Amino acid sequence: MKRREVITLLGGAAAVWPLAARAQQPEKMRRIGFLRAAGPNEKDFNAFRSGLRALGYIEGENIVIEQRYAAGAYHLVGELAADLVRLNMDVIVVDGPAAAKPAKAATADIPIVFALATDPVADDLVTSMARPGANLTGLTLSVGYQLAGKRVELLKDIKPDLARLAVLKNPD
């Protein structure tokens, strides 16, 4: 075997060896913090578990879920969020602004996902809808007027000859 072939063989083995060693190691157990300002809701939590399971995340096998509930005692939410941060979660899932704000105050490093926020910009959770920034992201049903232009644009894409548009809103 020529010198160049030996060097190539050893170099290739050296590059592949760490990958093979990593492939044999067990998958890291991911840690999810689940924080609600309200009390436990088994129906919602079971839906959360089911969604994770559909993605291949199974509690006790490759994920651990730490649940914290303030049960309406809003003054405790910050302490519960800090507890999840101390436990070094990989991600913290919150139910809305009442839990998202204290979680945001507790960490700038751990990703926080809010399940529902009416207006995350007005609630000071994210900088903007286009570029949330920081470590928060999530779902919203309503974002005030920020997406109104985009919605009209989508309507015009669907119906190019759109000439009139009416908007009905319940102020309550």
# chains A, B, ... in the order shown; residues from 1 in each chain; ligands from 1
call {"tool": "residues_around", "arguments": {"residues": "Asn135 of chain A", "least_positions_apart": "3", "cutoff": "7 Å", "atoms": "only C-alpha atoms", "output": "NGL selection string"}}
result
:A and (108-112)
call {"tool": "write_last_selection", "arguments": {"atoms": "C-alpha atoms", "output": "PDB file, in the first residue's frame"}}
result
ATOM      1  CA  ALA A 108     -33.188  34.581  27.716  1.00  0.00           C
ATOM      2  CA  ASP A 109     -31.526  31.284  26.759  1.00  0.00           C
ATOM      3  CA  ILE A 110     -34.159  28.545  26.907  1.00  0.00           C
ATOM      4  CA  PRO A 111     -36.661  28.621  24.012  1.00  0.00           C
ATOM      5  CA  ILE A 112     -40.198  29.454  25.124  1.00  0.00           C
TER       6      ILE A 112
END
call {"tool": "residues_around", "arguments": {"residues": "Leu76 of chain A", "least_positions_apart": "5", "cutoff": "10 Å", "atoms": "only C-alpha atoms", "output": "ChimeraX atom specification"}}
result
/A:37,69-71,81,99,102
call {"tool": "atom_distance", "arguments": {"atom1": "atom CA of Phe48 of chain A", "atom2": "atom CA of Ala98 of chain A"}}
result
18.9 Å
call {"tool": "residues_around", "arguments": {"residues": "Ala103 of chain A", "least_positions_apart": "2", "cutoff": "9 Å", "atoms": "only C-alpha atoms", "output": "PyMOL selection string"}}
result
chain A and resi 35+77-78+80-82+84-85+92+94+99-101+105-108+112
call {"tool": "select_by_dssp", "arguments": {"residues": "segment 107-152 of chain A", "states": "alpha helix (DSSP H)", "output": "list in words"}}
result
Ala148, Gly149, Lys150, Arg151 and Val152 of chain A
call {"tool": "residues_around", "arguments": {"residues": "Glu61 of chain A", "least_positions_apart": "2", "cutoff": "10 Å", "atoms": "only C-alpha atoms", "output": "ChimeraX atom specification"}}
result
/A:27-30,56-59,63-64
call {"tool": "residues_around", "arguments": {"residues": "Asp95 of chain A", "least_positions_apart": "2", "cutoff": "10 Å", "atoms": "only C-alpha atoms", "output": "list in words"}}
result
Phe34, Leu35, Arg36, Ala37, Ala38, Val93, Pro97, Ala98, Ala99, Ala100, Val113, Phe114, Ala115, Leu116, Ala117, Gly138 and Leu139 of chain A
call {"tool": "closest_residue", "arguments": {"among": "A:Asp44, A:Glu153, A:Asp161, A:Asp83", "to": "Glu66 of chain A", "atoms": "only C-alpha atoms"}}
result
A:Asp83
call {"tool": "atom_distance", "arguments": {"atom1": "atom CA of Leu136 of chain A", "atom2": "atom CA of Leu87 of chain A"}}
result
18.6 Å
